[in-house]
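Visitor: You'll find input_29.cif just under this line, and it carries mmCIF, C-alpha atoms.
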```cif
data_entry
loop_
_atom_site.label_atom_id
_atom_site.label_comp_id
_atom_site.auth_asym_id
_atom_site.auth_seq_id
_atom_site.Cartn_x
_atom_site.Cartn_y
_atom_site.Cartn_z
CA MET A 1 0.00 0.00 0.00
CA GLY A 2 2.86 2.33 0.85
CA SER A 3 4.18 2.62 -2.67
CA LYS A 4 0.82 3.04 -4.38
CA ARG A 5 -0.09 6.38 -5.86
CA ARG A 6 -2.84 7.92 -3.78
CA ILE A 7 -5.31 9.91 -5.87
CA GLY A 8 -8.25 11.93 -4.58
CA ILE A 9 -11.43 12.25 -6.64
CA MET A 10 -13.50 15.20 -5.50
CA GLY A 11 -17.12 14.79 -6.56
CA GLY A 12 -19.81 17.43 -6.45
CA THR A 13 -22.16 19.61 -8.43
CA PHE A 14 -19.94 22.67 -7.81
CA ASP A 15 -22.84 25.01 -8.43
CA PRO A 16 -20.87 27.09 -7.65
CA ILE A 17 -17.56 25.83 -6.27
CA HIS A 18 -16.53 27.69 -3.09
CA TYR A 19 -13.88 27.77 -0.36
CA GLY A 20 -15.66 24.97 1.53
CA HIS A 21 -14.91 22.60 -1.37
CA LEU A 22 -11.34 23.83 -1.75
CA VAL A 23 -10.56 23.59 1.97
CA THR A 24 -12.02 20.07 1.96
CA ALA A 25 -9.87 18.95 -0.97
CA GLU A 26 -6.76 20.51 0.54
CA ALA A 27 -7.43 18.92 3.95
CA ALA A 28 -7.96 15.50 2.36
CA ARG A 29 -4.81 15.89 0.28
CA HIS A 30 -2.79 16.60 3.40
CA LEU A 31 -4.45 14.10 5.74
CA PHE A 32 -4.33 11.14 3.37
CA GLY A 33 -1.09 12.03 1.58
CA LEU A 34 -2.76 12.35 -1.81
CA GLU A 35 -0.56 13.02 -4.81
CA GLN A 36 -3.30 14.98 -6.49
CA VAL A 37 -6.99 15.73 -6.22
CA ILE A 38 -9.09 15.49 -9.36
CA PHE A 39 -12.25 17.62 -9.27
CA VAL A 40 -15.07 15.95 -11.19
CA PRO A 41 -18.09 18.22 -11.65
CA SER A 42 -21.15 16.05 -12.02
CA GLY A 43 -23.01 15.81 -15.30
CA ARG A 44 -26.66 15.18 -14.66
CA PRO A 45 -26.55 14.05 -11.07
CA PRO A 46 -29.21 11.37 -10.50
CA HIS A 47 -30.29 12.85 -7.19
CA LYS A 48 -30.95 16.20 -8.86
CA ARG A 49 -32.95 14.83 -11.77
CA GLU A 50 -35.89 17.05 -11.05
CA SER A 51 -34.10 20.28 -10.36
CA ARG A 52 -32.53 22.74 -12.69
CA VAL A 53 -28.80 22.83 -12.32
CA THR A 54 -26.50 25.36 -13.96
CA PRO A 55 -25.24 24.03 -17.34
CA ALA A 56 -22.36 21.62 -16.87
CA ASP A 57 -19.99 23.69 -18.99
CA GLU A 58 -20.36 26.68 -16.74
CA ARG A 59 -19.83 24.60 -13.60
CA LEU A 60 -16.77 23.06 -15.24
CA GLN A 61 -15.33 26.47 -16.08
CA MET A 62 -15.88 27.77 -12.56
CA THR A 63 -14.15 24.68 -11.18
CA LEU A 64 -11.22 25.32 -13.48
CA LEU A 65 -10.96 28.97 -12.41
CA ALA A 66 -11.04 27.98 -8.74
CA THR A 67 -8.33 25.32 -8.96
CA VAL A 68 -5.94 26.46 -11.67
CA ASN A 69 -3.32 27.95 -9.36
CA ASN A 70 -3.01 24.86 -7.18
CA ASP A 71 -0.47 22.43 -8.65
CA ASN A 72 -2.06 19.48 -6.86
CA PHE A 73 -5.56 20.11 -8.18
CA ILE A 74 -6.82 18.92 -11.56
CA VAL A 75 -10.24 19.16 -13.20
CA SER A 76 -11.79 16.29 -15.13
CA ASP A 77 -14.68 16.73 -17.53
CA ARG A 78 -15.52 13.02 -17.71
CA GLU A 79 -18.91 13.30 -16.01
CA VAL A 80 -19.75 16.53 -17.78
CA ARG A 81 -18.97 15.06 -21.22
CA SER A 82 -20.83 11.84 -20.55
CA LYS A 83 -24.19 11.48 -22.25
CA ARG A 84 -25.44 9.22 -19.51
CA MET A 85 -26.41 10.10 -16.00
CA SER A 86 -23.45 10.13 -13.68
CA TYR A 87 -23.14 7.69 -10.84
CA THR A 88 -20.20 7.74 -8.48
CA TYR A 89 -19.98 4.02 -9.11
CA ASP A 90 -19.29 4.48 -12.84
CA THR A 91 -16.93 7.38 -12.29
CA MET A 92 -14.78 5.49 -9.82
CA ARG A 93 -14.71 2.41 -12.02
CA SER A 94 -13.55 4.47 -14.99
CA PHE A 95 -10.76 6.08 -12.94
CA HIS A 96 -9.76 2.65 -11.67
CA GLN A 97 -9.59 1.26 -15.20
CA GLU A 98 -7.55 4.20 -16.35
CA LEU A 99 -5.12 4.47 -13.44
CA GLY A 100 -4.79 0.76 -12.79
CA ASP A 101 -4.19 -1.22 -9.63
CA GLU A 102 -1.17 0.77 -8.59
CA ALA A 103 -3.37 3.78 -7.82
CA GLU A 104 -5.35 3.90 -4.61
CA LEU A 105 -8.45 6.03 -5.03
CA PHE A 106 -10.09 8.27 -2.45
CA PHE A 107 -13.52 9.62 -3.25
CA ILE A 108 -14.07 12.87 -1.38
CA THR A 109 -17.45 14.52 -0.90
CA GLY A 110 -19.88 15.75 1.72
CA ALA A 111 -20.92 13.28 4.43
CA ASP A 112 -24.59 13.39 3.42
CA ALA A 113 -23.70 12.49 -0.15
CA VAL A 114 -21.36 9.70 0.96
CA LEU A 115 -24.08 8.13 3.07
CA GLU A 116 -26.47 8.36 0.16
CA ILE A 117 -23.94 6.72 -2.14
CA MET A 118 -23.50 3.90 0.35
CA GLN A 119 -27.10 2.90 -0.22
CA TRP A 120 -26.44 1.94 -3.81
CA ARG A 121 -26.52 -1.68 -4.75
CA LYS A 122 -23.21 -1.96 -6.57
CA ILE A 123 -21.17 0.14 -4.20
CA GLU A 124 -19.45 -2.82 -2.49
CA GLU A 125 -17.58 -3.50 -5.72
CA VAL A 126 -16.12 -0.01 -5.72
CA ALA A 127 -15.00 -0.42 -2.13
CA ASP A 128 -12.42 -2.93 -3.35
CA PHE A 129 -10.25 -0.18 -4.81
CA CYS A 130 -11.68 3.00 -3.33
CA CYS A 131 -11.88 4.65 0.06
CA PHE A 132 -14.57 7.25 0.82
CA ILE A 133 -13.74 10.48 2.63
CA ALA A 134 -16.85 12.06 4.12
CA ALA A 135 -16.43 15.75 4.91
CA THR A 136 -18.65 17.08 7.68
CA ARG A 137 -19.46 20.45 9.14
CA PRO A 138 -18.29 20.89 12.74
CA GLY A 139 -20.80 19.39 15.13
CA TYR A 140 -22.29 17.14 12.46
CA ARG A 141 -23.90 14.08 13.99
CA LEU A 142 -23.88 10.88 12.05
CA GLU A 143 -27.37 9.43 11.85
CA SER A 144 -27.56 5.82 12.90
CA PHE A 145 -26.82 4.10 9.68
CA HIS A 146 -26.42 0.50 8.65
CA LEU A 147 -23.22 -0.26 6.76
CA SER A 148 -21.65 -3.58 5.93
CA PRO A 149 -18.31 -4.12 7.72
CA LYS A 150 -16.51 -3.76 4.38
CA LEU A 151 -18.07 -0.36 3.69
CA ALA A 152 -17.70 0.83 7.27
CA GLU A 153 -13.99 0.13 6.98
CA ASN A 154 -13.79 2.20 3.82
CA ILE A 155 -15.28 5.43 5.12
CA GLN A 156 -13.26 8.12 6.84
CA PHE A 157 -14.96 11.16 8.36
CA MET A 158 -13.19 14.51 8.25
CA GLU A 159 -14.41 17.67 9.96
CA VAL A 160 -14.04 20.85 7.86
CA PRO A 161 -14.88 24.21 9.49
CA ALA A 162 -15.28 26.13 6.24
CA LEU A 163 -17.91 23.63 5.11
CA ALA A 164 -20.45 25.86 6.81
CA ILE A 165 -20.26 27.72 3.48
CA SER A 166 -22.78 26.19 1.06
CA SER A 167 -23.52 26.53 -2.64
CA SER A 168 -27.24 26.89 -2.02
CA ASP A 169 -26.60 29.79 0.33
CA ILE A 170 -24.35 31.42 -2.29
CA ARG A 171 -27.08 31.07 -4.94
CA ARG A 172 -29.62 32.53 -2.54
CA ARG A 173 -27.29 35.45 -1.84
CA VAL A 174 -26.77 36.24 -5.50
CA ALA A 175 -30.54 36.11 -6.12
CA ALA A 176 -31.10 38.45 -3.16
CA GLY A 177 -28.37 40.86 -4.28
CA GLU A 178 -26.21 40.04 -1.26
CA PRO A 179 -22.41 39.88 -1.51
CA ILE A 180 -20.61 36.55 -2.01
CA LYS A 181 -17.12 38.00 -1.81
CA TYR A 182 -14.66 35.93 0.28
CA LEU A 183 -16.90 32.86 0.12
CA LEU A 184 -15.30 31.71 -3.13
CA PRO A 185 -12.26 32.64 -5.25
CA GLU A 186 -12.46 36.02 -6.95
CA PRO A 187 -12.34 34.64 -10.52
CA VAL A 188 -15.43 32.54 -9.74
CA GLU A 189 -17.18 35.57 -8.27
CA LYS A 190 -16.41 37.51 -11.46
CA TYR A 191 -17.57 34.63 -13.66
CA ILE A 192 -20.92 34.47 -11.85
CA ALA A 193 -21.46 38.19 -12.31
CA LYS A 194 -20.33 38.20 -15.95
CA HIS A 195 -22.60 35.30 -16.90
CA GLY A 196 -25.52 36.44 -14.81
CA LEU A 197 -25.72 33.14 -12.94
CA TYR A 198 -28.14 32.61 -10.05
CA LEU A 199 -30.02 35.85 -10.56
CA ALA A 200 -33.54 35.98 -9.16
CA GLN A 201 -36.07 34.55 -11.53
CA ASP A 202 -39.54 35.87 -11.98
CA GLY A 203 -42.56 33.61 -12.10
CA CYS A 204 -42.46 29.97 -11.12
CA GLY A 205 -39.26 29.04 -12.91
CA SER A 206 -37.05 28.74 -9.90
CA ASN A 207 -33.78 27.05 -10.51
CA PHE A 208 -33.21 26.00 -6.93
CA ALA A 209 -36.64 24.98 -5.81
CA GLU A 210 -35.82 21.32 -5.63
CA GLU A 211 -32.64 21.64 -3.65
CA SER A 212 -31.36 18.31 -2.49
CA VAL A 213 -29.14 17.28 0.39
CA VAL A 214 -25.89 17.84 -1.43
CA LYS A 215 -24.85 21.44 -1.33
CA MET B 216 -30.44 59.53 10.25
CA GLY B 217 -30.82 58.82 6.55
CA SER B 218 -28.23 61.33 5.43
CA LYS B 219 -25.59 60.41 7.98
CA ARG B 220 -22.45 58.67 6.84
CA ARG B 221 -22.52 55.11 8.09
CA ILE B 222 -19.09 53.82 9.03
CA GLY B 223 -18.21 50.32 10.20
CA ILE B 224 -15.40 49.74 12.67
CA MET B 225 -14.24 46.14 12.60
CA GLY B 226 -12.45 45.23 15.80
CA GLY B 227 -10.38 42.15 16.45
CA THR B 228 -6.98 40.72 17.16
CA PHE B 229 -6.67 39.45 13.57
CA ASP B 230 -4.11 36.86 14.62
CA PRO B 231 -4.34 36.04 11.76
CA ILE B 232 -7.11 37.70 9.75
CA HIS B 233 -9.09 35.14 7.69
CA TYR B 234 -12.11 34.80 5.38
CA GLY B 235 -14.47 34.65 8.37
CA HIS B 236 -13.50 38.24 9.25
CA LEU B 237 -13.71 39.41 5.65
CA VAL B 238 -17.11 37.80 5.02
CA THR B 239 -18.36 39.37 8.25
CA ALA B 240 -17.20 42.85 7.28
CA GLU B 241 -18.64 42.49 3.78
CA ALA B 242 -21.99 41.21 5.11
CA ALA B 243 -22.21 44.10 7.60
CA ARG B 244 -21.31 46.61 4.89
CA HIS B 245 -24.13 45.32 2.72
CA LEU B 246 -26.74 44.78 5.43
CA PHE B 247 -26.29 48.14 7.14
CA GLY B 248 -25.40 50.18 4.07
CA LEU B 249 -21.97 51.12 5.37
CA GLU B 250 -19.89 53.51 3.32
CA GLN B 251 -16.71 51.87 4.48
CA VAL B 252 -15.42 49.41 7.03
CA ILE B 253 -12.34 50.36 8.99
CA PHE B 254 -10.37 47.37 10.32
CA VAL B 255 -8.75 48.18 13.66
CA PRO B 256 -6.32 45.49 14.81
CA SER B 257 -6.14 45.60 18.58
CA GLY B 258 -3.01 46.74 20.36
CA ARG B 259 -2.71 44.94 23.63
CA PRO B 260 -6.21 43.63 24.06
CA PRO B 261 -7.18 43.71 27.74
CA HIS B 262 -8.90 40.34 27.60
CA LYS B 263 -5.78 38.69 26.22
CA ARG B 264 -3.41 40.16 28.77
CA GLU B 265 -2.09 36.80 29.85
CA SER B 266 -1.70 35.17 26.48
CA ARG B 267 0.97 35.65 23.90
CA VAL B 268 -0.21 37.51 20.86
CA THR B 269 1.70 38.03 17.60
CA PRO B 270 3.41 41.46 17.50
CA ALA B 271 0.95 44.18 16.54
CA ASP B 272 2.95 45.25 13.48
CA GLU B 273 2.67 41.81 11.94
CA ARG B 274 -1.06 41.62 12.60
CA LEU B 275 -1.42 45.08 11.08
CA GLN B 276 0.50 44.06 7.97
CA MET B 277 -1.56 40.89 7.50
CA THR B 278 -4.74 42.95 7.83
CA LEU B 279 -3.47 45.32 5.16
CA LEU B 280 -2.62 42.46 2.79
CA ALA B 281 -6.07 40.94 3.28
CA THR B 282 -8.04 44.12 2.63
CA VAL B 283 -6.01 46.13 0.13
CA ASN B 284 -8.00 45.11 -2.94
CA ASN B 285 -11.39 46.01 -1.49
CA ASP B 286 -12.17 49.69 -2.08
CA ASN B 287 -14.58 49.78 0.85
CA PHE B 288 -12.12 48.41 3.39
CA ILE B 289 -9.56 50.51 5.24
CA VAL B 290 -7.04 49.64 7.94
CA SER B 291 -6.40 51.85 10.95
CA ASP B 292 -3.32 51.52 13.15
CA ARG B 293 -4.73 53.62 15.98
CA GLU B 294 -4.92 50.79 18.51
CA VAL B 295 -1.64 49.31 17.40
CA ARG B 296 0.17 52.64 17.76
CA SER B 297 -1.35 53.41 21.13
CA LYS B 298 0.91 52.94 24.11
CA ARG B 299 -2.04 52.19 26.35
CA MET B 300 -4.20 49.12 26.47
CA SER B 301 -6.97 49.27 23.97
CA TYR B 302 -10.58 49.34 25.01
CA THR B 303 -13.41 49.42 22.51
CA TYR B 304 -14.77 52.29 24.52
CA ASP B 305 -11.73 54.50 23.84
CA THR B 306 -11.50 53.45 20.21
CA MET B 307 -15.11 54.31 19.46
CA ARG B 308 -14.84 57.62 21.27
CA SER B 309 -11.78 58.56 19.25
CA PHE B 310 -13.52 57.71 15.98
CA HIS B 311 -16.55 59.68 17.12
CA GLN B 312 -14.43 62.71 17.92
CA GLU B 313 -12.66 62.49 14.60
CA LEU B 314 -15.66 61.83 12.36
CA GLY B 315 -18.12 64.00 14.22
CA ASP B 316 -21.86 63.74 14.75
CA GLU B 317 -22.64 63.34 11.07
CA ALA B 318 -21.12 59.86 11.11
CA GLU B 319 -23.07 56.95 12.50
CA LEU B 320 -20.70 54.29 13.82
CA PHE B 321 -21.20 50.53 13.74
CA PHE B 322 -18.81 48.44 15.78
CA ILE B 323 -18.56 44.97 14.25
CA THR B 324 -17.09 41.99 16.03
CA GLY B 325 -17.86 38.44 17.18
CA ALA B 326 -20.93 37.97 19.37
CA ASP B 327 -18.88 36.70 22.32
CA ALA B 328 -16.71 39.80 22.22
CA VAL B 329 -19.73 42.10 21.92
CA LEU B 330 -21.36 40.54 24.97
CA GLU B 331 -18.12 40.93 26.88
CA ILE B 332 -17.88 44.58 25.87
CA MET B 333 -21.42 45.16 27.05
CA GLN B 334 -20.33 44.35 30.61
CA TRP B 335 -18.10 47.39 30.78
CA ARG B 336 -19.08 50.24 32.98
CA LYS B 337 -18.78 53.10 30.50
CA ILE B 338 -20.31 51.36 27.54
CA GLU B 339 -23.69 53.12 27.80
CA GLU B 340 -21.98 56.38 26.81
CA VAL B 341 -20.72 54.83 23.57
CA ALA B 342 -24.19 53.54 22.76
CA ASP B 343 -25.23 57.16 22.17
CA PHE B 344 -23.38 57.30 18.87
CA CYS B 345 -22.57 53.67 18.13
CA CYS B 346 -24.45 50.53 17.19
CA PHE B 347 -22.95 47.09 17.83
CA ILE B 348 -23.09 44.35 15.22
CA ALA B 349 -22.54 40.94 16.77
CA ALA B 350 -21.51 38.30 14.26
CA THR B 351 -22.42 34.73 15.17
CA ARG B 352 -21.72 31.30 13.80
CA PRO B 353 -24.78 29.50 12.47
CA GLY B 354 -26.64 27.83 15.29
CA TYR B 355 -25.13 30.13 17.91
CA ARG B 356 -27.37 30.41 20.93
CA LEU B 357 -27.38 33.62 22.86
CA GLU B 358 -26.84 32.95 26.55
CA SER B 359 -29.41 34.57 28.75
CA PHE B 360 -27.87 37.93 29.30
CA HIS B 361 -28.93 41.05 31.08
CA LEU B 362 -28.76 44.22 29.01
CA SER B 363 -30.22 47.62 29.70
CA PRO B 364 -32.98 48.59 27.23
CA LYS B 365 -30.65 51.18 25.70
CA LEU B 366 -27.94 48.62 25.01
CA ALA B 367 -30.38 45.96 23.86
CA GLU B 368 -31.63 48.40 21.27
CA ASN B 369 -28.12 49.01 20.03
CA ILE B 370 -27.13 45.42 19.30
CA GLN B 371 -27.82 43.67 16.03
CA PHE B 372 -27.04 39.99 15.59
CA MET B 373 -25.85 38.76 12.21
CA GLU B 374 -25.29 35.10 11.29
CA VAL B 375 -22.14 34.44 9.23
CA PRO B 376 -21.56 30.90 7.91
CA ALA B 377 -17.85 31.36 7.22
CA LEU B 378 -17.34 32.34 10.85
CA ALA B 379 -16.82 28.65 11.55
CA ILE B 380 -13.26 29.48 10.45
CA SER B 381 -11.24 30.62 13.47
CA SER B 382 -7.85 32.21 14.03
CA SER B 383 -7.01 29.78 16.83
CA ASP B 384 -7.70 26.84 14.54
CA ILE B 385 -5.46 28.41 11.87
CA ARG B 386 -2.63 28.86 14.40
CA ARG B 387 -3.05 25.26 15.52
CA ARG B 388 -2.94 24.09 11.90
CA VAL B 389 0.27 25.96 11.17
CA ALA B 390 1.89 24.55 14.32
CA ALA B 391 0.79 21.03 13.31
CA GLY B 392 2.03 21.47 9.73
CA GLU B 393 -1.50 21.31 8.33
CA PRO B 394 -2.57 23.43 5.34
CA ILE B 395 -4.34 26.76 5.83
CA LYS B 396 -4.91 27.41 2.12
CA TYR B 397 -8.38 28.75 1.25
CA LEU B 398 -9.06 29.74 4.87
CA LEU B 399 -7.47 33.15 4.36
CA PRO B 400 -6.24 35.27 1.43
CA GLU B 401 -3.14 33.97 -0.30
CA PRO B 402 -0.95 37.00 0.54
CA VAL B 403 -1.65 36.39 4.25
CA GLU B 404 -0.82 32.71 3.85
CA LYS B 405 2.48 33.68 2.22
CA TYR B 406 3.22 36.25 4.93
CA ILE B 407 2.71 33.66 7.67
CA ALA B 408 5.09 31.23 5.96
CA LYS B 409 7.71 33.88 5.19
CA HIS B 410 7.76 35.20 8.74
CA GLY B 411 7.52 31.80 10.39
CA LEU B 412 4.45 32.79 12.38
CA TYR B 413 2.60 30.25 14.55
CA LEU B 414 5.20 27.53 14.23
CA ALA B 415 5.28 24.88 16.92
CA GLN B 416 7.18 26.03 19.94
CA ASP B 417 9.89 24.02 21.54
CA GLY B 418 10.25 24.47 25.24
CA CYS B 419 9.48 27.93 26.49
CA GLY B 420 11.22 29.84 23.70
CA SER B 421 8.29 31.47 21.97
CA ASN B 422 8.50 32.97 18.54
CA PHE B 423 5.41 35.05 19.26
CA ALA B 424 7.32 37.21 21.66
CA GLU B 425 10.34 37.93 19.52
CA GLU B 426 10.72 40.83 17.18
CA SER B 427 10.54 39.68 13.61
CA VAL B 428 12.81 40.58 10.76
CA VAL B 429 11.21 42.37 7.83
CA LYS B 430 11.57 40.15 4.81
#
```
Mind turning the file's structure into structure tokens?
Guide:
Amino acid sequence: MGSKRRIGIMGGTFDPIHYGHLVTAEAARHLFGLEQVIFVPSGRPPHKRESRVTPADERLQMTLLATVNNDNFIVSDREVRSKRMSYTYDTMRSFHQELGDEAELFFITGADAVLEIMQWRKIEEVADFCCFIAATRPGYRLESFHLSPKLAENIQFMEVPALAISSSDIRRRVAAGEPIKYLLPEPVEKYIAKHGLYLAQDGCGSNFAEESVVK
Amino acid sequence: MGSKRRIGIMGGTFDPIHYGHLVTAEAARHLFGLEQVIFVPSGRPPHKRESRVTPADERLQMTLLATVNNDNFIVSDREVRSKRMSYTYDTMRSFHQELGDEAELFFITGADAVLEIMQWRKIEEVADFCCFIAATRPGYRLESFHLSPKLAENIQFMEVPALAISSSDIRRRVAAGEPIKYLLPEPVEKYIAKHGLYLAQDGCGSNFAEESVVK
């Protein structure tokens, strides 16, 4: 295990990406000795089927802007480019196929999302070559949750203070005309303004009405 | 009241300044329509008499680096330059004298600090020309607390998600060799590394106490 390459895969909608995500990736990189962290913005996330999500290209570009000056961070468009719905299961399998057995994979995302992923039927297969890092807000309490011993062994919880920042709150702020400065990198802030993302919508066409657990 | 200039005074040790402080100042500026926010790093804060604090000059410089690219933010060295211990009471009086009656002052700081300040004998005098903005972490519960009606009227609570970031946690991280990236502006991160601030201490030889070399 010692000589394997350790690669982090940071999953999320990144709508928009913010310092909570970046602090999480950086903490995981340090804590688990990861060689690099690959950010994988989701395509059409299955759990957000019903809700409108910002076009994948825009989320991809914001992710790029937020990570470009960190040598250890990379962005992958594999979920965004995929025609099919994205499941963590498929994503991790494709990374495993590409990087081979000598790479140990760490899937990093919010604790709520990790616990949701753990419910999926085929997830035990992924646990053979992948460890899950579940980032939590301070004071987060894990709900009683049934996990097989194999899965339980493959989850690590990691408390991240800045995770109190949330994408849904940032969208709400933009819609309300409130500042989002210092919650996310300046280039992302500028991108949001330039492209008019998250502005208040009139009528019933809300783009965040169906907000799900993953922020 | 409508035509008065509204000026925010952001008090704190800023050891070091981080995104929690900056988000707080920006939120207060927006919410209370402040023309500008003046950051006032404390000199020798009375409530930290016993503890070692980073030299005032270094805290002042970090505050400058963190705020320089925001046109609405200013840094004042009045507490740092003062030979006496700094009390919020004196600071607000000096700003009031300088800016005159046509300026309405808003003192912004963490809720715990505000409640501490409210205990002081002379604070009712300041409440004549100053409003207090108490920033809280999400989920913060106000302890039952006795305030005179005049003071109670002069306190506004404001919830700030990014306030889960804390200076003490950042110092602990640096001492433990953990990353602080994305918790504070990059120039401040670089300053801390360059000046060797917050490194683990061996024995009783503290690097907080020593004069630093300008690099």
Visitor: Once the PyMOL selection byres ((chain A) within 6 of (chain B)) is applied to the coordinates I shared, what remains selected? I want it as a list in words.
Guide: Tyr19, Val23, Pro161, Ala162, Ala164, Ile165 and Tyr182 of chain A
Visitor: Taking the file as shown, what set of residues would the PyMOL selection byres ((chain A and resi 72) around 8) give back, as a list in words?
Guide: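 For this structure, the PyMOL selection byres ((chain A and resi 72) around 8) resolves to Glu35, Gln36, Val37, Asn70, Asp71, Phe73 and Ile74 of chain A.
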Visitor: Could you tell me how far atom CA of Ile133 of chain A lies from atom CA of Met62 of chain A, in Å and to one decimal?
Guide: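 For atom CA of Ile133 of chain A relative to atom CA of Met62 of chain A, the distance reads 23.1 Å.
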Visitor: How far apart are chain A and chain B by Cα RMSD after a least-squares superposition over every Cα, paired in order?
Guide: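 Here the C-alpha RMSD works out to 4.2 Å.
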Visitor: Selected by the PyMOL selection byres ((chain A and resi 198) around 10) in the shown coordinates: which residues, as a PDB file with C-alpha atoms, in the coordinates of the input?
Guide:
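What landed in result_24.pdb:
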```pdb
ATOM      1  CA  ASP A  15     -22.840  25.010  -8.430  1.00  0.00           C
ATOM      2  CA  PRO A  16     -20.870  27.090  -7.650  1.00  0.00           C
ATOM      3  CA  THR A  54     -26.500  25.360 -13.960  1.00  0.00           C
ATOM      4  CA  SER A 168     -27.240  26.890  -2.020  1.00  0.00           C
ATOM      5  CA  ILE A 170     -24.350  31.420  -2.290  1.00  0.00           C
ATOM      6  CA  ARG A 171     -27.080  31.070  -4.940  1.00  0.00           C
ATOM      7  CA  ARG A 172     -29.620  32.530  -2.540  1.00  0.00           C
ATOM      8  CA  ARG A 173     -27.290  35.450  -1.840  1.00  0.00           C
ATOM      9  CA  VAL A 174     -26.770  36.240  -5.500  1.00  0.00           C
ATOM     10  CA  ALA A 175     -30.540  36.110  -6.120  1.00  0.00           C
ATOM     11  CA  ALA A 176     -31.100  38.450  -3.160  1.00  0.00           C
ATOM     12  CA  ILE A 192     -20.920  34.470 -11.850  1.00  0.00           C
ATOM     13  CA  ALA A 193     -21.460  38.190 -12.310  1.00  0.00           C
ATOM     14  CA  HIS A 195     -22.600  35.300 -16.900  1.00  0.00           C
ATOM     15  CA  GLY A 196     -25.520  36.440 -14.810  1.00  0.00           C
ATOM     16  CA  LEU A 197     -25.720  33.140 -12.940  1.00  0.00           C
ATOM     17  CA  LEU A 199     -30.020  35.850 -10.560  1.00  0.00           C
ATOM     18  CA  ALA A 200     -33.540  35.980  -9.160  1.00  0.00           C
ATOM     19  CA  GLN A 201     -36.070  34.550 -11.530  1.00  0.00           C
ATOM     20  CA  SER A 206     -37.050  28.740  -9.900  1.00  0.00           C
ATOM     21  CA  ASN A 207     -33.780  27.050 -10.510  1.00  0.00           C
ATOM     22  CA  PHE A 208     -33.210  26.000  -6.930  1.00  0.00           C
TER      23      PHE A 208
END
```
Visitor: Counting all atoms listed in the file, what is within 12 Å of segment 110-112 of chain A, bar same-chain residues fewer than 3 positions away, as a PyMOL selection string?
Guide: chain A and resi 10-14+20-21+24-25+28+107+115-119+132-138+140-143+145+155-160+163-164+166+212-215
